[in-house]
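Trainee: Below you'll find upload37.txt; it's compact mmCIF, N, CA and C atoms.
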```txt
# COMPACT_ATOMS: atom_id res chain seq x y z
N MET A 30 4.26 69.22 -167.73
CA MET A 30 4.53 68.16 -166.78
C MET A 30 5.55 67.18 -167.36
N LEU A 31 5.40 66.86 -168.63
CA LEU A 31 6.34 65.93 -169.26
C LEU A 31 7.76 66.47 -169.21
N ASN A 32 7.93 67.75 -169.48
CA ASN A 32 9.26 68.35 -169.45
C ASN A 32 9.91 68.19 -168.08
N ARG A 33 9.14 68.40 -167.03
CA ARG A 33 9.68 68.24 -165.67
C ARG A 33 10.07 66.80 -165.40
N PHE A 34 9.22 65.87 -165.83
CA PHE A 34 9.50 64.45 -165.63
C PHE A 34 10.78 64.05 -166.36
N LEU A 35 10.99 64.54 -167.54
CA LEU A 35 12.15 64.16 -168.34
C LEU A 35 13.47 64.57 -167.67
N CYS A 36 13.45 65.59 -166.85
CA CYS A 36 14.67 66.06 -166.19
C CYS A 36 15.12 65.13 -165.07
N ILE A 37 14.22 64.40 -164.46
CA ILE A 37 14.55 63.57 -163.30
C ILE A 37 15.55 62.47 -163.64
N PRO A 38 15.30 61.65 -164.65
CA PRO A 38 16.29 60.59 -164.93
C PRO A 38 17.61 61.11 -165.51
N ILE A 39 17.62 62.35 -165.96
CA ILE A 39 18.83 62.95 -166.53
C ILE A 39 19.74 63.52 -165.42
N ALA A 40 19.20 63.75 -164.24
CA ALA A 40 19.93 64.46 -163.19
C ALA A 40 21.24 63.77 -162.80
N GLY A 41 21.25 62.46 -162.72
CA GLY A 41 22.46 61.76 -162.32
C GLY A 41 23.60 61.94 -163.31
N VAL A 42 23.31 61.73 -164.58
CA VAL A 42 24.34 61.87 -165.60
C VAL A 42 24.76 63.33 -165.75
N ALA A 43 23.83 64.25 -165.59
CA ALA A 43 24.16 65.68 -165.67
C ALA A 43 25.07 66.08 -164.51
N THR A 44 24.81 65.57 -163.32
CA THR A 44 25.67 65.86 -162.17
C THR A 44 27.07 65.30 -162.38
N GLU A 45 27.13 64.08 -162.90
CA GLU A 45 28.43 63.47 -163.18
C GLU A 45 29.21 64.33 -164.18
N TYR A 46 28.54 64.81 -165.19
CA TYR A 46 29.19 65.67 -166.18
C TYR A 46 29.71 66.97 -165.54
N LEU A 47 28.87 67.59 -164.71
CA LEU A 47 29.28 68.84 -164.08
C LEU A 47 30.46 68.66 -163.12
N LEU A 48 30.49 67.55 -162.41
CA LEU A 48 31.55 67.32 -161.44
C LEU A 48 32.86 66.86 -162.06
N TYR A 49 32.77 66.03 -163.11
CA TYR A 49 33.97 65.40 -163.64
C TYR A 49 34.29 65.77 -165.09
N GLY A 50 33.42 66.55 -165.73
CA GLY A 50 33.67 66.96 -167.11
C GLY A 50 33.33 65.89 -168.13
N GLN A 51 32.86 64.77 -167.67
CA GLN A 51 32.42 63.69 -168.56
C GLN A 51 31.44 62.82 -167.79
N ALA A 52 30.68 62.05 -168.51
CA ALA A 52 29.71 61.16 -167.87
C ALA A 52 29.80 59.80 -168.53
N GLU A 53 30.10 58.80 -167.74
CA GLU A 53 30.22 57.44 -168.27
C GLU A 53 28.90 56.70 -168.26
N GLY A 54 28.05 57.02 -167.32
CA GLY A 54 26.76 56.36 -167.22
C GLY A 54 25.67 57.18 -167.89
N GLY A 55 24.47 56.74 -167.77
CA GLY A 55 23.34 57.53 -168.24
C GLY A 55 22.77 57.14 -169.58
N LEU A 56 23.51 56.38 -170.38
CA LEU A 56 23.00 56.01 -171.70
C LEU A 56 21.72 55.21 -171.59
N ALA A 57 21.66 54.30 -170.63
CA ALA A 57 20.44 53.50 -170.44
C ALA A 57 19.26 54.39 -170.09
N ASP A 58 19.48 55.41 -169.24
CA ASP A 58 18.40 56.33 -168.87
C ASP A 58 17.91 57.11 -170.08
N ILE A 59 18.83 57.57 -170.89
CA ILE A 59 18.45 58.34 -172.08
C ILE A 59 17.71 57.44 -173.07
N ASN A 60 18.16 56.20 -173.22
CA ASN A 60 17.46 55.26 -174.11
C ASN A 60 16.04 54.98 -173.63
N LYS A 61 15.87 54.88 -172.31
CA LYS A 61 14.53 54.65 -171.76
C LYS A 61 13.62 55.85 -172.02
N LEU A 62 14.17 57.05 -171.88
CA LEU A 62 13.38 58.25 -172.19
C LEU A 62 12.99 58.26 -173.66
N ASP A 63 13.93 57.90 -174.51
CA ASP A 63 13.65 57.85 -175.94
C ASP A 63 12.52 56.86 -176.23
N MET A 64 12.56 55.68 -175.60
CA MET A 64 11.51 54.69 -175.79
C MET A 64 10.17 55.19 -175.26
N LEU A 65 10.19 55.88 -174.12
CA LEU A 65 8.96 56.45 -173.56
C LEU A 65 8.34 57.44 -174.53
N LEU A 66 9.16 58.32 -175.07
CA LEU A 66 8.64 59.33 -175.99
C LEU A 66 8.13 58.70 -177.28
N LYS A 67 8.80 57.69 -177.76
CA LYS A 67 8.31 56.98 -178.95
C LYS A 67 6.97 56.31 -178.64
N GLY A 68 6.83 55.78 -177.42
CA GLY A 68 5.57 55.19 -176.98
C GLY A 68 4.45 56.21 -176.91
N LEU A 69 4.82 57.46 -176.75
CA LEU A 69 3.83 58.55 -176.74
C LEU A 69 3.63 59.13 -178.14
N SER A 70 4.10 58.41 -179.15
CA SER A 70 3.95 58.77 -180.57
C SER A 70 4.78 59.97 -180.99
N PHE A 71 5.89 60.22 -180.29
CA PHE A 71 6.81 61.27 -180.73
C PHE A 71 7.62 60.73 -181.91
N THR A 72 7.89 61.56 -182.87
CA THR A 72 8.81 61.17 -183.93
C THR A 72 10.22 61.11 -183.34
N GLN A 73 11.14 60.46 -184.05
CA GLN A 73 12.52 60.37 -183.56
C GLN A 73 13.11 61.77 -183.39
N LYS A 74 12.82 62.65 -184.33
CA LYS A 74 13.33 64.01 -184.26
C LYS A 74 12.78 64.75 -183.05
N LYS A 75 11.48 64.62 -182.80
CA LYS A 75 10.85 65.28 -181.66
C LYS A 75 11.35 64.68 -180.35
N ALA A 76 11.51 63.35 -180.29
CA ALA A 76 12.03 62.70 -179.08
C ALA A 76 13.44 63.19 -178.78
N TYR A 77 14.28 63.26 -179.80
CA TYR A 77 15.65 63.74 -179.63
C TYR A 77 15.63 65.17 -179.10
N SER A 78 14.76 65.99 -179.65
CA SER A 78 14.66 67.38 -179.23
C SER A 78 14.24 67.48 -177.76
N GLN A 79 13.29 66.67 -177.35
CA GLN A 79 12.82 66.69 -175.96
C GLN A 79 13.91 66.23 -175.00
N VAL A 80 14.62 65.17 -175.34
CA VAL A 80 15.69 64.68 -174.48
C VAL A 80 16.81 65.72 -174.40
N ARG A 81 17.14 66.31 -175.52
CA ARG A 81 18.18 67.35 -175.53
C ARG A 81 17.77 68.53 -174.65
N TRP A 82 16.51 68.96 -174.74
CA TRP A 82 16.01 70.04 -173.90
C TRP A 82 16.15 69.65 -172.42
N ALA A 83 15.79 68.42 -172.09
CA ALA A 83 15.86 67.96 -170.70
C ALA A 83 17.29 67.99 -170.18
N VAL A 84 18.24 67.57 -171.00
CA VAL A 84 19.64 67.58 -170.58
C VAL A 84 20.10 69.01 -170.33
N LEU A 85 19.83 69.90 -171.26
CA LEU A 85 20.25 71.29 -171.11
C LEU A 85 19.59 71.96 -169.91
N ASN A 86 18.30 71.74 -169.75
CA ASN A 86 17.57 72.33 -168.63
C ASN A 86 18.08 71.81 -167.29
N THR A 87 18.36 70.51 -167.24
CA THR A 87 18.86 69.91 -166.00
C THR A 87 20.24 70.44 -165.64
N VAL A 88 21.11 70.56 -166.62
CA VAL A 88 22.45 71.10 -166.36
C VAL A 88 22.35 72.54 -165.87
N LEU A 89 21.52 73.34 -166.50
CA LEU A 89 21.36 74.74 -166.07
C LEU A 89 20.79 74.82 -164.65
N THR A 90 19.82 73.98 -164.36
CA THR A 90 19.20 73.97 -163.03
C THR A 90 20.23 73.55 -161.97
N LEU A 91 21.00 72.52 -162.26
CA LEU A 91 22.01 72.06 -161.30
C LEU A 91 23.09 73.12 -161.09
N ARG A 92 23.48 73.80 -162.14
CA ARG A 92 24.47 74.87 -161.99
C ARG A 92 23.91 76.01 -161.14
N HIS A 93 22.65 76.35 -161.40
CA HIS A 93 22.02 77.45 -160.66
C HIS A 93 21.88 77.13 -159.17
N HIS A 94 21.65 75.86 -158.87
CA HIS A 94 21.43 75.44 -157.48
C HIS A 94 22.59 74.57 -156.99
N GLU A 95 23.81 74.96 -157.31
CA GLU A 95 25.00 74.19 -156.92
C GLU A 95 25.07 73.98 -155.40
N GLY A 96 24.73 74.99 -154.63
CA GLY A 96 24.77 74.87 -153.17
C GLY A 96 23.84 73.78 -152.67
N ALA A 97 22.64 73.73 -153.21
CA ALA A 97 21.67 72.71 -152.79
C ALA A 97 22.14 71.33 -153.22
N ARG A 98 22.72 71.22 -154.41
CA ARG A 98 23.23 69.95 -154.88
C ARG A 98 24.36 69.45 -153.99
N ALA A 99 25.22 70.36 -153.58
CA ALA A 99 26.34 70.00 -152.69
C ALA A 99 25.82 69.54 -151.33
N LYS A 100 24.83 70.23 -150.80
CA LYS A 100 24.25 69.83 -149.51
C LYS A 100 23.58 68.46 -149.61
N LEU A 101 22.89 68.22 -150.73
CA LEU A 101 22.26 66.92 -150.94
C LEU A 101 23.32 65.82 -150.99
N ALA A 102 24.38 66.05 -151.76
CA ALA A 102 25.45 65.05 -151.86
C ALA A 102 26.07 64.78 -150.50
N GLU A 103 26.27 65.82 -149.72
CA GLU A 103 26.84 65.67 -148.38
C GLU A 103 25.93 64.82 -147.50
N GLY A 104 24.64 65.14 -147.50
CA GLY A 104 23.69 64.38 -146.69
C GLY A 104 23.61 62.92 -147.11
N MET A 105 23.61 62.69 -148.42
CA MET A 105 23.55 61.31 -148.91
C MET A 105 24.81 60.54 -148.55
N SER A 106 25.97 61.19 -148.66
CA SER A 106 27.22 60.49 -148.34
C SER A 106 27.33 60.18 -146.84
N GLU A 107 26.62 60.94 -146.03
CA GLU A 107 26.59 60.69 -144.59
C GLU A 107 25.49 59.70 -144.20
N GLY A 108 24.72 59.24 -145.18
CA GLY A 108 23.65 58.28 -144.91
C GLY A 108 22.44 58.89 -144.24
N ARG A 109 22.24 60.19 -144.43
CA ARG A 109 21.09 60.88 -143.81
C ARG A 109 19.79 60.42 -144.44
N SER A 110 18.70 60.68 -143.74
CA SER A 110 17.37 60.28 -144.22
C SER A 110 16.93 61.14 -145.39
N VAL A 111 15.95 60.64 -146.11
CA VAL A 111 15.39 61.39 -147.23
C VAL A 111 14.82 62.72 -146.72
N GLY A 112 14.14 62.68 -145.59
CA GLY A 112 13.58 63.89 -145.00
C GLY A 112 14.65 64.93 -144.71
N PHE A 113 15.77 64.47 -144.15
CA PHE A 113 16.89 65.38 -143.87
C PHE A 113 17.40 65.99 -145.17
N CYS A 114 17.56 65.16 -146.20
CA CYS A 114 18.06 65.65 -147.49
C CYS A 114 17.12 66.67 -148.11
N ILE A 115 15.83 66.40 -148.05
CA ILE A 115 14.85 67.36 -148.58
C ILE A 115 14.91 68.66 -147.80
N ASP A 116 15.00 68.55 -146.48
CA ASP A 116 15.09 69.74 -145.63
C ASP A 116 16.33 70.57 -145.96
N SER A 117 17.46 69.90 -146.19
CA SER A 117 18.68 70.65 -146.50
C SER A 117 18.56 71.36 -147.85
N ILE A 118 17.89 70.75 -148.81
CA ILE A 118 17.66 71.39 -150.11
C ILE A 118 16.77 72.62 -149.91
N GLU A 119 15.67 72.43 -149.19
CA GLU A 119 14.72 73.54 -148.99
C GLU A 119 15.35 74.71 -148.23
N LYS A 120 16.25 74.42 -147.33
CA LYS A 120 16.91 75.50 -146.58
C LYS A 120 17.96 76.21 -147.42
N THR A 121 18.49 75.54 -148.42
CA THR A 121 19.55 76.11 -149.25
C THR A 121 18.99 76.95 -150.40
N ILE A 122 17.87 76.53 -150.96
CA ILE A 122 17.30 77.23 -152.12
C ILE A 122 16.42 78.38 -151.65
N ASN A 123 16.64 79.52 -152.22
CA ASN A 123 15.81 80.69 -151.94
C ASN A 123 14.43 80.46 -152.54
N ALA A 124 13.39 80.67 -151.76
CA ALA A 124 12.03 80.45 -152.23
C ALA A 124 11.70 81.25 -153.49
N ALA A 125 12.34 82.39 -153.66
CA ALA A 125 12.09 83.22 -154.84
C ALA A 125 12.64 82.58 -156.11
N ASP A 126 13.58 81.64 -155.96
CA ASP A 126 14.17 80.95 -157.12
C ASP A 126 13.32 79.81 -157.64
N ILE A 127 12.32 79.42 -156.89
CA ILE A 127 11.52 78.25 -157.28
C ILE A 127 10.43 78.66 -158.24
```
Let me see the structure of the file written as structure tokens.
Mentor:
Amino acid sequence: MLNRFLCIPIAGVATEYLLYGQAEGGLADINKLDMLLKGLSFTQKKAYSQVRWAVLNTVLTLRHHEGARAKLAEGMSEGRSVGFCIDSIEKTINAADI
């Protein structure tokens, strides 16, 4: 469960990296994750390893589901509802991929 949670705050910076080849934001999110893991008694080395895993996993997931990410971005840029955005993701991702 922790691994899944760690990917959520990384998604924005990972998307920025995938789209533009660099990411200017996200340092604050990564620092917060680091503080959370330290609060859970992770060593610095273990916290770094967990954050690194989350970044890599998030990038791979976003690449694998590029179509769903594009549909989500389109819906958000059009000001669509959260329900609409969720529906567009669910229609784009093959159930066998989940």
Trainee: Using Å and a single decimal, report how far CA of Gly104 in chain A sits from CA of Lys120 in chain A.
Mentor: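 These atoms are spaced 13.0 Å apart.
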Trainee: Show me, as a ChimeraX atom specification, the residues that have an atom within 8 Å of Ala97 in chain A when counting all atoms listed in the file, minus same-chain residues fewer than 5 positions from it.
Mentor: /A:91,102-103,117-122
Trainee: Find the distance between atom N of Ala83 in chain A and atom N of Leu56 in chain A and write it in Å to one decimal.
Mentor: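 Atom N of Ala83 in chain A sits 14.4 Å away from atom N of Leu56 in chain A.
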Trainee: What gap, in Å, lies between atom C of Met64 in chain A and CA of Leu31 in chain A?
Mentor: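 Interatomic distance here is 12.9 Å.
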Trainee: When you look at Ile59 in chain A with a cut-off of 8 Å (counting all atoms listed in the file), what residues show up, excluding the ones that are within fewer than 6 positions of it in the same chain? I need them as a PyMOL selection string.
Mentor: chain A and resi 38-39+65+80
Trainee: Next, dump the selected residues to file, keeping only N, CA and C atoms, as a PDB file, in the frame of the given file.
Mentor:
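Result file follows (selection-v7.pdb):
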```pdb
ATOM      1  N   PRO A  38      15.300  61.650-164.650  1.00  0.00           N
ATOM      2  CA  PRO A  38      16.290  60.590-164.930  1.00  0.00           C
ATOM      3  C   PRO A  38      17.610  61.110-165.510  1.00  0.00           C
ATOM      4  N   ILE A  39      17.620  62.350-165.960  1.00  0.00           N
ATOM      5  CA  ILE A  39      18.830  62.950-166.530  1.00  0.00           C
ATOM      6  C   ILE A  39      19.740  63.520-165.420  1.00  0.00           C
ATOM      7  N   LEU A  65      10.190  55.880-174.120  1.00  0.00           N
ATOM      8  CA  LEU A  65       8.960  56.450-173.560  1.00  0.00           C
ATOM      9  C   LEU A  65       8.340  57.440-174.530  1.00  0.00           C
ATOM     10  N   VAL A  80      14.620  65.170-175.340  1.00  0.00           N
ATOM     11  CA  VAL A  80      15.690  64.680-174.480  1.00  0.00           C
ATOM     12  C   VAL A  80      16.810  65.720-174.400  1.00  0.00           C
TER      13      VAL A  80
END
```
Trainee: Would you give me, as a PyMOL selection string, the residues in range 34-127 of chain A that DSSP reads as alpha helix (DSSP H)?
Mentor: chain A and resi 34-49+56-68+73-93+95-106+111-121
Trainee: Using 5 Å of padding on each side, determine the axis-aligned box around all atoms of range 96-101 of chain A present in the file and give its centre and edge lengths in Å to one decimal, as AutoDock Vina command-line options.
Mentor:
```
--center_x 24.0 --center_y 70.4 --center_z -152.2 --size_x 14.7 --size_y 19.2 --size_z 15.4
```
Trainee: Using only C-alpha atoms, find the one residue out of A:Glu53, A:Glu45, A:Asp58, A:Asp63 that sits nearest to Ala76 in chain A.
Mentor: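 Distance minimum relative to Ala76 in chain A lands on A:Asp63.
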Trainee: Which residue gives the smallest distance to Val42 in chain A among A:Ser78, A:Thr87, A:Leu69, A:Asp116, with only C-alpha atoms counted?
Mentor: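 Closest to Val42 in chain A, using only C-alpha atoms: A:Thr87.
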